$ cat work38.tsv   # TSV, C-alpha atoms and all ligand atoms
chain	number	residue	atom	x	y	z
A	1	MET	CA	0.00	0.00	0.00
A	2	GLN	CA	1.23	3.51	-0.76
A	3	PHE	CA	1.39	5.87	2.19
A	4	ASN	CA	2.36	9.50	2.55
A	5	GLY	CA	5.94	9.47	1.26
A	6	VAL	CA	7.47	11.17	4.32
A	7	LEU	CA	6.52	8.13	6.45
A	8	ALA	CA	8.91	5.77	4.65
A	9	ASN	CA	12.00	6.97	6.53
A	10	LEU	CA	10.30	7.71	9.85
A	11	LYS	CA	11.17	5.72	12.96
A	12	THR	CA	8.60	4.83	15.60
A	13	TYR	CA	9.33	6.46	18.96
A	14	GLU	CA	10.77	3.96	21.39
A	15	ALA	CA	9.35	4.59	24.84
A	16	GLY	CA	11.09	3.58	28.07
A	17	LYS	CA	10.71	-0.14	28.70
A	18	PRO	CA	7.64	-0.91	30.81
A	19	ILE	CA	7.85	-2.83	34.08
A	20	GLU	CA	5.66	-5.59	32.56
A	21	LEU	CA	8.36	-6.38	30.00
A	22	VAL	CA	10.98	-7.08	32.67
A	23	VAL	CA	8.46	-9.23	34.55
A	24	ARG	CA	7.79	-11.28	31.39
A	25	GLU	CA	11.35	-11.57	30.11
A	26	TYR	CA	13.37	-12.00	33.30
A	27	GLY	CA	10.82	-13.54	35.65
A	28	ILE	CA	11.26	-10.80	38.25
A	29	GLU	CA	8.20	-9.94	40.31
A	30	ALA	CA	6.63	-6.60	39.44
A	31	LYS	CA	7.11	-5.31	42.98
A	32	ASP	CA	10.86	-5.88	42.67
A	33	VAL	CA	11.25	-4.04	39.38
A	34	ILE	CA	12.56	-0.49	39.67
A	35	LYS	CA	11.86	1.73	36.67
A	36	LEU	CA	14.27	4.62	36.39
A	37	ALA	CA	13.83	5.07	32.64
A	38	SER	CA	11.03	7.54	31.91
A	39	ASN	CA	11.61	10.44	34.30
A	40	GLU	CA	8.43	9.75	36.23
A	41	ASN	CA	7.96	11.04	39.77
A	42	PRO	CA	8.98	8.09	41.99
A	43	ARG	CA	6.86	9.48	44.84
A	44	GLY	CA	3.68	9.12	42.82
A	45	CYS	CA	1.26	12.05	42.78
A	46	SER	CA	-0.56	14.12	45.37
A	47	PRO	CA	-2.96	11.93	47.44
A	48	LYS	CA	-5.56	14.67	46.88
A	49	VAL	CA	-5.42	13.92	43.16
A	50	ILE	CA	-6.10	10.22	43.72
A	51	GLU	CA	-9.08	11.02	45.92
A	52	ALA	CA	-10.52	13.49	43.41
A	53	VAL	CA	-10.06	11.15	40.44
A	54	ARG	CA	-11.84	8.36	42.33
A	55	ALA	CA	-14.78	10.64	42.98
A	56	GLU	CA	-14.79	11.83	39.36
A	57	ALA	CA	-14.89	8.25	38.02
A	58	VAL	CA	-18.68	8.06	38.34
A	59	HIS	CA	-18.92	10.72	35.59
A	60	MET	CA	-17.02	8.83	32.96
A	61	ASN	CA	-20.12	8.30	30.85
A	62	ARG	CA	-19.99	12.06	30.13
A	63	TYR	CA	-17.71	13.76	27.66
A	64	PRO	CA	-15.30	16.16	29.34
A	65	ASP	CA	-15.79	19.95	29.26
A	66	ASP	CA	-14.13	20.59	25.91
A	67	SER	CA	-13.55	24.27	26.76
A	68	MET	CA	-11.43	22.99	29.69
A	69	TYR	CA	-12.53	26.13	31.48
A	70	GLU	CA	-11.57	25.21	35.02
A	71	LEU	CA	-8.10	23.88	34.17
A	72	LYS	CA	-7.38	26.90	31.97
A	73	GLU	CA	-8.50	29.18	34.82
A	74	SER	CA	-6.12	27.43	37.22
A	75	LEU	CA	-3.22	27.65	34.79
A	76	ALA	CA	-4.04	31.27	33.91
A	77	LYS	CA	-3.87	32.15	37.60
A	78	LYS	CA	-0.59	30.30	38.13
A	79	TYR	CA	1.11	31.89	35.12
A	80	HIS	CA	-0.53	35.35	35.23
A	81	VAL	CA	-2.03	34.97	31.76
A	82	GLU	CA	-5.58	34.58	30.39
A	83	ASP	CA	-7.59	31.59	29.12
A	84	LYS	CA	-7.02	32.73	25.55
A	85	ASN	CA	-3.26	32.28	26.04
A	86	ILE	CA	-3.63	28.56	26.83
A	87	ILE	CA	-3.99	25.32	24.89
A	88	ILE	CA	-4.29	21.96	26.68
A	89	GLY	CA	-2.83	18.78	25.21
A	90	SER	CA	-2.75	15.06	25.88
A	91	GLY	CA	0.68	15.55	27.38
A	92	SER	CA	2.77	18.54	26.33
A	93	ASP	CA	3.88	16.18	23.57
A	94	GLN	CA	0.59	16.85	21.83
A	95	VAL	CA	1.08	20.61	22.08
A	96	ILE	CA	4.58	20.22	20.62
A	97	GLU	CA	3.14	18.08	17.82
A	98	ILE	CA	0.54	20.75	17.05
A	99	ALA	CA	3.18	23.50	17.14
A	100	ILE	CA	5.44	21.72	14.68
A	101	HIS	CA	2.57	20.70	12.40
A	102	ALA	CA	1.27	24.28	12.39
A	103	LYS	CA	4.60	25.79	11.29
A	104	ALA	CA	6.67	23.18	9.47
A	105	ASN	CA	6.22	21.79	5.95
A	106	ALA	CA	8.35	20.31	3.18
A	107	ASN	CA	9.76	23.74	2.30
A	108	THR	CA	10.94	24.60	5.80
A	109	LYS	CA	13.51	23.52	8.37
A	110	VAL	CA	13.30	22.84	12.09
A	111	LEU	CA	16.32	23.78	14.23
A	112	MET	CA	17.28	21.99	17.46
A	113	ALA	CA	20.21	21.01	19.69
A	114	GLY	CA	22.58	18.18	18.71
A	115	ILE	CA	21.03	15.82	21.26
A	116	THR	CA	17.55	16.66	22.49
A	117	PHE	CA	14.01	15.30	22.90
A	118	ALA	CA	13.50	12.63	20.22
A	119	MET	CA	9.91	13.60	19.43
A	120	TYR	CA	10.92	16.97	17.93
A	121	GLU	CA	12.57	15.25	15.00
A	122	ILE	CA	9.72	12.76	14.53
A	123	TYR	CA	7.05	15.49	14.42
A	124	ALA	CA	9.20	17.57	12.06
A	125	LEU	CA	9.82	14.69	9.66
A	126	GLN	CA	6.09	13.91	9.61
A	127	THR	CA	5.58	17.25	7.86
A	128	GLY	CA	8.37	16.64	5.35
A	129	ALA	CA	10.48	19.41	6.93
A	130	LYS	CA	14.23	19.11	7.22
A	131	VAL	CA	15.86	18.89	10.66
A	132	LEU	CA	18.94	20.97	11.44
A	133	ARG	CA	21.01	20.30	14.56
A	134	THR	CA	23.87	22.16	16.20
A	135	PRO	CA	27.28	20.41	16.16
A	136	SER	CA	27.30	20.54	19.98
A	137	ALA	CA	25.21	17.90	21.73
A	138	GLN	CA	24.07	20.30	24.47
A	139	HIS	CA	22.22	23.56	23.73
A	140	ASN	CA	24.66	26.06	22.25
A	141	LEU	CA	22.90	29.30	21.39
A	142	LYS	CA	25.86	30.72	19.49
A	143	GLU	CA	25.82	27.75	17.13
A	144	MET	CA	22.04	27.94	16.84
A	145	LEU	CA	22.21	31.59	15.88
A	146	GLU	CA	24.87	30.92	13.24
A	147	ILE	CA	22.75	28.16	11.69
A	148	TYR	CA	19.65	30.36	11.91
A	149	LYS	CA	21.37	33.24	10.11
A	150	ALA	CA	22.75	30.94	7.41
A	151	ASN	CA	19.33	29.37	6.64
A	152	LYS	CA	16.44	31.62	5.67
A	153	ASP	CA	13.81	28.86	5.75
A	154	ILE	CA	13.86	27.84	9.43
A	155	SER	CA	10.21	28.00	10.52
A	156	ILE	CA	10.57	26.74	14.06
A	157	ILE	CA	13.29	26.47	16.73
A	158	MET	CA	13.03	23.93	19.54
A	159	LEU	CA	14.61	24.82	22.89
A	160	CYS	CA	14.45	22.14	25.57
A	161	ILE	CA	15.00	23.99	28.85
A	162	PRO	CA	16.28	21.94	30.69
A	163	ASN	CA	17.26	19.42	28.04
A	164	ASN	CA	16.11	15.81	27.91
A	165	PRO	CA	18.08	13.47	27.70
A	166	LEU	CA	21.23	15.33	28.81
A	167	GLY	CA	20.00	17.45	31.73
A	168	GLU	CA	21.76	20.74	31.04
A	169	CYS	CA	19.86	24.04	31.26
A	170	LEU	CA	20.22	27.45	29.63
A	171	ASP	CA	20.06	30.67	31.68
A	172	ALA	CA	16.90	32.72	31.10
A	173	LYS	CA	18.91	35.84	30.20
A	174	ASP	CA	20.76	33.96	27.47
A	175	VAL	CA	17.48	32.63	26.07
A	176	TYR	CA	16.13	36.19	25.93
A	177	ALA	CA	19.30	37.50	24.26
A	178	PHE	CA	18.92	34.72	21.68
A	179	LEU	CA	15.25	35.52	21.11
A	180	ASP	CA	16.19	39.17	20.49
A	181	GLN	CA	17.98	37.96	17.34
A	182	ILE	CA	15.13	35.80	15.99
A	183	ASP	CA	12.64	37.02	13.41
A	184	LYS	CA	9.04	37.29	14.68
A	185	GLU	CA	7.93	34.96	11.85
A	186	THR	CA	9.92	32.09	13.39
A	187	LEU	CA	8.16	30.17	16.13
A	188	VAL	CA	10.35	29.36	19.14
A	189	VAL	CA	9.16	26.54	21.40
A	190	VAL	CA	10.42	26.71	24.98
A	191	ASP	CA	9.83	23.15	26.19
A	192	ALA	CA	9.79	23.57	29.97
A	193	ALA	CA	8.90	19.96	30.87
A	194	TYR	CA	11.51	19.99	33.67
A	195	LEU	CA	11.57	23.67	34.55
A	196	GLU	CA	9.99	23.01	37.98
A	197	TYR	CA	13.26	21.24	38.82
A	198	ALA	CA	15.64	23.76	37.24
A	199	ARG	CA	14.08	26.82	38.88
A	200	PHE	CA	14.41	25.17	42.29
A	201	LYS	CA	18.09	24.35	41.76
A	202	ASP	CA	18.99	27.76	40.36
A	203	PRO	CA	16.55	30.67	40.00
A	204	VAL	CA	18.56	32.17	37.07
A	205	LYS	CA	17.17	29.28	34.99
A	206	ASN	CA	13.57	30.29	35.54
A	207	ILE	CA	11.68	31.46	32.49
A	208	ASP	CA	8.49	33.30	33.36
A	209	ALA	CA	5.89	32.26	30.78
A	210	GLN	CA	4.03	35.58	30.92
A	211	GLU	CA	7.21	37.61	30.48
A	212	LEU	CA	8.37	35.30	27.67
A	213	ILE	CA	5.24	35.65	25.54
A	214	THR	CA	4.90	39.37	26.24
A	215	LYS	CA	8.44	40.15	25.11
A	216	TYR	CA	8.43	37.53	22.35
A	217	PRO	CA	5.02	37.05	20.69
A	218	ASN	CA	6.62	34.38	18.49
A	219	ALA	CA	7.43	32.15	21.48
A	220	ILE	CA	5.38	29.39	23.09
A	221	TYR	CA	6.02	27.95	26.55
A	222	THR	CA	5.05	24.30	27.03
A	223	GLY	CA	4.64	22.61	30.40
A	224	THR	CA	3.51	19.20	31.61
A	225	PHE	CA	1.95	17.39	34.55
A	226	SER	CA	3.93	14.24	33.70
A	227	LYS	CA	7.16	14.98	35.54
A	228	ALA	CA	7.26	16.97	38.81
A	229	TYR	CA	3.48	16.62	39.36
A	230	GLY	CA	3.69	12.84	39.00
A	231	LEU	CA	0.87	12.43	36.45
A	232	GLY	CA	2.58	10.79	33.46
A	233	GLY	CA	-0.21	8.26	33.14
A	234	MET	CA	-2.92	10.94	33.00
A	235	ARG	CA	-1.51	12.60	29.87
A	236	CYS	CA	-1.85	16.33	30.43
A	237	GLY	CA	0.26	19.22	29.23
A	238	TYR	CA	-0.23	22.79	28.07
A	239	GLY	CA	1.08	25.54	25.87
A	240	ILE	CA	1.12	29.25	26.72
A	241	ALA	CA	1.37	31.77	23.88
A	242	GLN	CA	-0.24	34.83	22.34
A	243	PRO	CA	-3.90	34.34	21.30
A	244	GLU	CA	-3.05	34.44	17.58
A	245	ILE	CA	-0.88	31.34	18.01
A	246	ILE	CA	-3.32	29.58	20.33
A	247	GLN	CA	-6.33	30.19	18.02
A	248	THR	CA	-4.45	28.67	15.10
A	249	PHE	CA	-3.26	25.70	17.14
A	250	LEU	CA	-6.82	25.00	18.31
A	251	LYS	CA	-7.69	24.24	14.66
A	252	LEU	CA	-5.35	21.24	14.88
A	253	ARG	CA	-6.60	19.98	18.25
A	254	ALA	CA	-8.91	16.95	18.25
A	255	PRO	CA	-12.08	17.49	20.33
A	256	PHE	CA	-12.07	15.98	23.85
A	257	ASN	CA	-8.32	15.39	23.60
A	258	ILE	CA	-8.02	14.82	27.34
A	259	THR	CA	-10.38	12.90	29.62
A	260	ASN	CA	-12.53	14.28	32.42
A	261	LEU	CA	-10.44	12.26	34.90
A	262	THR	CA	-7.32	13.96	33.52
A	263	LEU	CA	-8.89	17.40	33.80
A	264	LYS	CA	-9.77	16.73	37.42
A	265	ALA	CA	-6.30	15.35	38.19
A	266	ALA	CA	-4.54	18.37	36.72
A	267	ILE	CA	-6.78	20.90	38.48
A	268	VAL	CA	-6.27	19.23	41.87
A	269	ALA	CA	-2.52	18.80	41.25
A	270	LEU	CA	-2.26	22.58	40.78
A	271	SER	CA	-4.07	23.12	44.08
A	272	ASP	CA	-1.45	21.02	45.90
A	273	GLU	CA	1.84	22.56	44.86
A	274	ALA	CA	3.29	21.52	48.24
A	275	PHE	CA	3.42	17.92	46.99
A	276	MET	CA	5.28	19.01	43.87
A	277	ASP	CA	7.69	21.21	45.85
A	278	ALA	CA	8.53	18.34	48.22
A	279	SER	CA	9.19	16.02	45.26
A	280	VAL	CA	11.55	18.51	43.66
A	281	LYS	CA	13.43	19.07	46.91
A	282	GLU	CA	13.91	15.35	47.53
A	283	ASN	CA	14.99	14.90	43.91
A	284	PHE	CA	18.02	17.12	44.38
A	285	GLU	CA	18.93	15.64	47.76
A	286	GLN	CA	19.00	12.27	46.04
A	287	MET	CA	20.84	13.60	43.00
A	288	SER	CA	23.79	14.52	45.19
A	289	ALA	CA	23.99	10.84	46.17
A	290	TYR	CA	24.42	9.99	42.48
A	291	GLU	CA	27.13	12.64	42.11
A	292	ALA	CA	29.00	11.26	45.12
A	293	PHE	CA	28.58	7.72	43.78
A	294	ALA	CA	30.04	8.69	40.40
A	295	LYS	CA	33.03	10.26	42.11
A	296	GLU	CA	33.54	7.16	44.21
A	297	LEU	CA	33.49	4.85	41.18
A	298	GLY	CA	35.39	7.24	38.91
A	299	PHE	CA	32.99	8.02	36.07
A	300	LYS	CA	31.53	11.31	34.88
A	301	VAL	CA	28.06	12.77	35.22
A	302	ILE	CA	26.53	15.70	33.34
A	303	GLU	CA	25.35	18.35	35.79
A	304	SER	CA	21.57	18.02	35.76
A	305	TYR	CA	18.72	20.49	36.34
A	306	THR	CA	16.07	17.77	36.01
A	307	ASN	CA	14.85	14.59	37.70
A	308	PHE	CA	17.38	12.41	35.88
A	309	ILE	CA	21.14	12.24	35.56
A	310	VAL	CA	23.43	11.05	32.76
A	311	LEU	CA	26.29	8.74	33.76
A	312	GLU	CA	29.10	8.73	31.19
A	313	PHE	CA	31.60	5.88	30.91
A	314	ASP	CA	35.07	5.61	29.43
A	315	ALA	CA	35.88	3.23	26.58
A	316	SER	CA	36.62	0.33	28.94
A	317	LYS	CA	32.87	0.06	29.64
A	318	ASN	CA	29.83	-0.26	27.41
A	319	SER	CA	26.65	1.57	28.31
A	320	GLY	CA	24.43	-0.88	26.42
A	321	ALA	CA	25.86	-3.83	28.34
A	322	ILE	CA	25.49	-1.96	31.63
A	323	ALA	CA	21.84	-1.11	30.91
A	324	GLN	CA	21.15	-4.71	29.89
A	325	LYS	CA	22.73	-6.18	33.04
A	326	LEU	CA	20.81	-3.73	35.22
A	327	MET	CA	17.57	-4.75	33.50
A	328	GLU	CA	18.26	-8.43	34.05
A	329	LYS	CA	18.48	-7.59	37.75
A	330	GLY	CA	15.25	-5.59	37.66
A	331	ILE	CA	16.39	-1.99	37.22
A	332	ILE	CA	15.31	-0.24	34.01
A	333	VAL	CA	17.44	2.72	32.86
A	334	ARG	CA	17.85	4.40	29.47
A	335	ASN	CA	20.89	3.54	27.37
A	336	LEU	CA	22.03	6.59	25.37
A	337	GLY	CA	24.02	4.47	22.91
A	338	SER	CA	21.61	5.33	20.10
A	339	TYR	CA	22.62	9.00	20.54
A	340	GLY	CA	26.24	8.05	19.92
A	341	MET	CA	27.07	8.31	23.63
A	342	ASN	CA	28.61	5.76	25.96
A	343	ALA	CA	26.24	6.75	28.72
A	344	ILE	CA	23.02	5.87	30.53
A	345	ARG	CA	20.25	8.18	31.73
A	346	VAL	CA	18.93	7.34	35.16
A	347	THR	CA	15.76	8.86	36.61
A	348	ILE	CA	16.31	9.85	40.24
A	349	GLY	CA	14.24	7.41	42.31
A	350	THR	CA	13.18	7.28	45.94
A	351	PRO	CA	16.01	6.97	48.51
A	352	GLU	CA	15.34	3.19	48.70
A	353	GLN	CA	15.35	2.76	44.91
A	354	ASN	CA	18.56	4.75	44.54
A	355	ALA	CA	20.29	2.74	47.28
A	356	ARG	CA	19.31	-0.44	45.42
A	357	PHE	CA	20.62	1.06	42.17
A	358	PHE	CA	24.01	1.87	43.76
A	359	GLU	CA	24.25	-1.61	45.25
A	360	LEU	CA	23.44	-3.42	41.99
A	361	PHE	CA	25.43	-1.07	39.81
A	362	LYS	CA	28.60	-1.75	41.81
A	363	THR	CA	28.27	-5.49	41.29
A	364	ILE	CA	28.11	-5.14	37.50
A	365	TYR	CA	30.51	-2.20	37.05
A	366	MET	CA	33.49	-3.51	38.98
B	401	LIG	C1	8.40	14.25	29.24
B	401	LIG	C2	8.68	15.32	28.28
B	401	LIG	C3	7.66	16.06	27.65
B	401	LIG	C4	6.21	15.89	27.81
B	401	LIG	O1	5.72	14.74	28.18
B	401	LIG	P1	4.14	14.56	28.23
B	401	LIG	O2	4.00	13.37	29.08
B	401	LIG	O3	3.71	14.35	26.81
B	401	LIG	O4	3.55	15.80	28.81
B	401	LIG	C5	8.01	17.09	26.81
B	401	LIG	N1	9.27	17.39	26.58
B	401	LIG	C6	10.27	16.72	27.15
B	401	LIG	C7	11.65	17.15	26.87
B	401	LIG	C8	10.01	15.66	28.01
B	401	LIG	O5	11.02	14.98	28.54
$ encode --input "work38.tsv" --output "structure tokens"
Amino acid sequence: MQFNGVLANLKTYEAGKPIELVVREYGIEAKDVIKLASNENPRGCSPKVIEAVRAEAVHMNRYPDDSMYELKESLAKKYHVEDKNIIIGSGSDQVIEIAIHAKANANTKVLMAGITFAMYEIYALQTGAKVLRTPSAQHNLKEMLEIYKANKDISIIMLCIPNNPLGECLDAKDVYAFLDQIDKETLVVVDAAYLEYARFKDPVKNIDAQELITKYPNAIYTGTFSKAYGLGGMRCGYGIAQPEIIQTFLKLRAPFNITNLTLKAAIVALSDEAFMDASVKENFEQMSAYEAFAKELGFKVIESYTNFIVLEFDASKNSGAIAQKLMEKGIIVRNLGSYGMNAIRVTIGTPEQNARFFELFKTIYM
């Protein structure tokens, strides 16, 4: 069968391995499997969310409120913007998909960092657009600007702040100085999926969504409930931009794209920021244990502003083999071999999970 030609060379996104797979393949009981592969919140979500979703379940015969009024109101209040500045997606992934599909086509290019969130490329290639990457793996705004100035047909720039899968984070002032140089016809996506973590670690990383879109009407800020809020399974994210952008994006949004349970979960999660704050704080306490562990064993880490950390090995070790051996013992991490790195990405777990990781890792690394 003939399909849209751009699909021929497209790869399917490979998600982090699910716990069920390790149970099936290695005969380890589900309760003993530790998943540190998808940057989920190991503490779960706010108990208030669970209670509210339970109560909401009796309404699942009804379609959700497609205007998403209450969630937009909550987000508008948090970010000091208005409903008309907000689009809700089934994960911020869906907002990113809409953004790229709205701006990119076969005659345009999409610019991104050397190593960044894999979905950017997939969404770009779906439109037939060409992907341009900086030579540096981490975000390098000087290189981005050079590429931008040398190519007149870049329709969209993806900034992952902080960056998944590497963990580094740009300073807000540098992002603004970069945006000063970008034409207002070029859409700039500020993917802030982990910004709750970065702004806690260092306030100079914080990008205020309202300030961003006021100064730069060609920018969109995307956020998610999947990481610090612990709601990856509920699929809820959002974009904040000027109404002109939002109105156009809404033309690409499927009706009822998130469920009424998801709406409820997100609204209640925003009312319990204390849970999120505690998760972020514990994350960095635990991250210092990983940094100390790396020092002890003599390998490098990339300084991280997120809820994961990249462990980099020298040529005497192989990251794929390490990830495989960990999985056979019940710990799922992400091998970064496919990015041309000899490294693994480990989501920061609970203190107990991390202690188990250190213990197992030592037995296979030595
Ligand atoms: C996790 C993640 C997202 C969004 O995930 P959703 O679950 O779709 O909200 C977006 N960008 C990056 C870089 C991520 O790591």
$ residues_around --input "work38.tsv" --residues "Lys264 of chain A" --least-positions-apart "2" --cutoff "8 Å" --atoms "all atoms listed in the file" --output "PDB file with C-alpha atoms, in the frame of the given file"
ATOM      1  CA  VAL A  49      -5.420  13.920  43.160  1.00  0.00           C
ATOM      2  CA  ALA A  52     -10.520  13.490  43.410  1.00  0.00           C
ATOM      3  CA  VAL A  53     -10.060  11.150  40.440  1.00  0.00           C
ATOM      4  CA  GLU A  56     -14.790  11.830  39.360  1.00  0.00           C
ATOM      5  CA  ASN A 260     -12.530  14.280  32.420  1.00  0.00           C
ATOM      6  CA  LEU A 261     -10.440  12.260  34.900  1.00  0.00           C
ATOM      7  CA  THR A 262      -7.320  13.960  33.520  1.00  0.00           C
ATOM      8  CA  ALA A 266      -4.540  18.370  36.720  1.00  0.00           C
ATOM      9  CA  ILE A 267      -6.780  20.900  38.480  1.00  0.00           C
ATOM     10  CA  VAL A 268      -6.270  19.230  41.870  1.00  0.00           C
TER      11      VAL A 268
END
$ residues_near_ligand --input "work38.tsv" --ligand "ligand LIG 401 (chain B)" --cutoff "7 Å" --atoms "all atoms listed in the file" --output "ChimeraX atom specification"
/A:90-94,117,160,163-164,191,193,224-227,232,235-237
$ atom_distance --input "work38.tsv" --atom1 "atom CA of Ala99 of chain A" --atom2 "atom CA of Ala113 of chain A"
17.4 Å
$ atom_distance --input "work38.tsv" --atom1 "atom CA of Glu196 of chain A" --atom2 "atom CA of Gly223 of chain A"
9.3 Å
$ residues_around --input "work38.tsv" --residues "Thr347 of chain A" --least-positions-apart "4" --cutoff "7 Å" --atoms "all atoms listed in the file" --output "ChimeraX atom specification"
/A:36-39,307-309
$ atom_distance --input "work38.tsv" --atom1 "atom CA of Asn342 of chain A" --atom2 "atom CA of Val301 of chain A"
11.6 Å
$ residues_around --input "work38.tsv" --residues "Lys17 of chain A" --least-positions-apart "2" --cutoff "10 Å" --atoms "only C-alpha atoms" --output "list in words"
Glu14, Ala15, Ile19, Glu20, Leu21, Val22, Lys35, Leu36, Ala37, Ser38, Met327, Ile332, Val333 and Arg334 of chain A
$ residues_around --input "work38.tsv" --residues "Leu311 of chain A" --least-positions-apart "5" --cutoff "6 Å" --atoms "only C-alpha atoms" --output "NGL selection string"
:A and (300-301 or 343-344)
$ closest_residue --input "work38.tsv" --among "A:Thr259, A:Met366, A:Ala177, A:Lys84" --to "Met234 of chain A" --atoms "all atoms listed in the file"
A:Thr259
$ closest_residue --input "work38.tsv" --among "A:Ile240, A:Ile98, A:Met144, A:Ile34" --to "Gln353 of chain A" --atoms "all atoms listed in the file"
A:Ile34
$ closest_residue --input "work38.tsv" --among "A:Ile207, A:Ile364, A:Leu145, A:Ala289" --to "Asn318 of chain A" --atoms "only C-alpha atoms"
A:Ile364
$ closest_residue --input "work38.tsv" --among "A:Leu141, A:Met68, A:Val95, A:Ala315" --to "Ala172 of chain A" --atoms "all atoms listed in the file"
A:Leu141
$ residues_around --input "work38.tsv" --residues "Phe357 of chain A" --least-positions-apart "3" --cutoff "10 Å" --atoms "only C-alpha atoms" --output "compact mmCIF listing (two decimals) with C-alpha atoms, keeping the file's coordinate frame"
# COMPACT_ATOMS: atom_id res chain seq x y z
CA ILE A 34 12.56 -0.49 39.67
CA LEU A 36 14.27 4.62 36.39
CA TYR A 290 24.42 9.99 42.48
CA LEU A 326 20.81 -3.73 35.22
CA LYS A 329 18.48 -7.59 37.75
CA GLY A 330 15.25 -5.59 37.66
CA ILE A 331 16.39 -1.99 37.22
CA ILE A 332 15.31 -0.24 34.01
CA VAL A 333 17.44 2.72 32.86
CA VAL A 346 18.93 7.34 35.16
CA ILE A 348 16.31 9.85 40.24
CA GLY A 349 14.24 7.41 42.31
CA PRO A 351 16.01 6.97 48.51
CA GLU A 352 15.34 3.19 48.70
CA GLN A 353 15.35 2.76 44.91
CA ASN A 354 18.56 4.75 44.54
CA LEU A 360 23.44 -3.42 41.99
CA PHE A 361 25.43 -1.07 39.81
CA LYS A 362 28.60 -1.75 41.81
$ closest_residue --input "work38.tsv" --among "A:Thr222, A:Gln286, A:Thr363, A:Ser319" --to "Ile87 of chain A" --atoms "all atoms listed in the file"
A:Thr222
$ closest_residue --input "work38.tsv" --among "A:Asp277, A:Glu121, A:Glu211, A:Glu70" --to "His101 of chain A" --atoms "all atoms listed in the file"
A:Glu121
$ residues_near_point --input "work38.tsv" --point "(10.8, 13.2, 46.6)" --cutoff "10 Å" --atoms "only C-alpha atoms" --output "list in words"
Asn41, Pro42, Arg43, Gly44, Ala228, Phe275, Met276, Asp277, Ala278, Ser279, Val280, Lys281, Glu282, Asn283, Phe284, Glu285, Gln286, Asn307, Ile348, Gly349, Thr350 and Pro351 of chain A
$ residues_near_point --input "work38.tsv" --point "(6.9, 36.3, 30.5)" --cutoff "12 Å" --atoms "only C-alpha atoms" --output "PDB file with C-alpha atoms, in the coordinates of the input"
ATOM      1  CA  TYR A  79       1.110  31.890  35.120  1.00  0.00           C
ATOM      2  CA  HIS A  80      -0.530  35.350  35.230  1.00  0.00           C
ATOM      3  CA  VAL A  81      -2.030  34.970  31.760  1.00  0.00           C
ATOM      4  CA  ASN A  85      -3.260  32.280  26.040  1.00  0.00           C
ATOM      5  CA  ALA A 172      16.900  32.720  31.100  1.00  0.00           C
ATOM      6  CA  TYR A 176      16.130  36.190  25.930  1.00  0.00           C
ATOM      7  CA  VAL A 190      10.420  26.710  24.980  1.00  0.00           C
ATOM      8  CA  ASN A 206      13.570  30.290  35.540  1.00  0.00           C
ATOM      9  CA  ILE A 207      11.680  31.460  32.490  1.00  0.00           C
ATOM     10  CA  ASP A 208       8.490  33.300  33.360  1.00  0.00           C
ATOM     11  CA  ALA A 209       5.890  32.260  30.780  1.00  0.00           C
ATOM     12  CA  GLN A 210       4.030  35.580  30.920  1.00  0.00           C
ATOM     13  CA  GLU A 211       7.210  37.610  30.480  1.00  0.00           C
ATOM     14  CA  LEU A 212       8.370  35.300  27.670  1.00  0.00           C
ATOM     15  CA  ILE A 213       5.240  35.650  25.540  1.00  0.00           C
ATOM     16  CA  THR A 214       4.900  39.370  26.240  1.00  0.00           C
ATOM     17  CA  LYS A 215       8.440  40.150  25.110  1.00  0.00           C
ATOM     18  CA  TYR A 216       8.430  37.530  22.350  1.00  0.00           C
ATOM     19  CA  PRO A 217       5.020  37.050  20.690  1.00  0.00           C
ATOM     20  CA  ALA A 219       7.430  32.150  21.480  1.00  0.00           C
ATOM     21  CA  ILE A 220       5.380  29.390  23.090  1.00  0.00           C
ATOM     22  CA  TYR A 221       6.020  27.950  26.550  1.00  0.00           C
ATOM     23  CA  ILE A 240       1.120  29.250  26.720  1.00  0.00           C
ATOM     24  CA  ALA A 241       1.370  31.770  23.880  1.00  0.00           C
ATOM     25  CA  GLN A 242      -0.240  34.830  22.340  1.00  0.00           C
TER      26      GLN A 242
END
$ closest_atom_pairs --input "work38.tsv" --of "segment 155-186 of chain A" --to "segment 126-134 of chain A" --cutoff "12 Å" --atoms "only C-alpha atoms" --output "JSON lines"
{"residue": "A:Ser155", "atom": "CA", "partner": "A:Ala129", "partner_atom": "CA", "distance": 9.3}
{"residue": "A:Ile156", "atom": "CA", "partner": "A:Val131", "partner_atom": "CA", "distance": 10.1}
{"residue": "A:Ile157", "atom": "CA", "partner": "A:Leu132", "partner_atom": "CA", "distance": 9.5}
{"residue": "A:Met158", "atom": "CA", "partner": "A:Arg133", "partner_atom": "CA", "distance": 10.1}
{"residue": "A:Leu159", "atom": "CA", "partner": "A:Arg133", "partner_atom": "CA", "distance": 11.4}
$ closest_atom_pairs --input "work38.tsv" --of "segment 8-65 of chain A" --to "segment 249-257 of chain A" --cutoff "12 Å" --atoms "all atoms listed in the file" --output "CSV"
residue,atom,partner,partner_atom,distance
A:Arg62,CA,A:Phe256,CA,10.8
A:Tyr63,CA,A:Phe256,CA,7.2
A:Pro64,CA,A:Phe256,CA,6.4
A:Asp65,CA,A:Phe256,CA,7.7
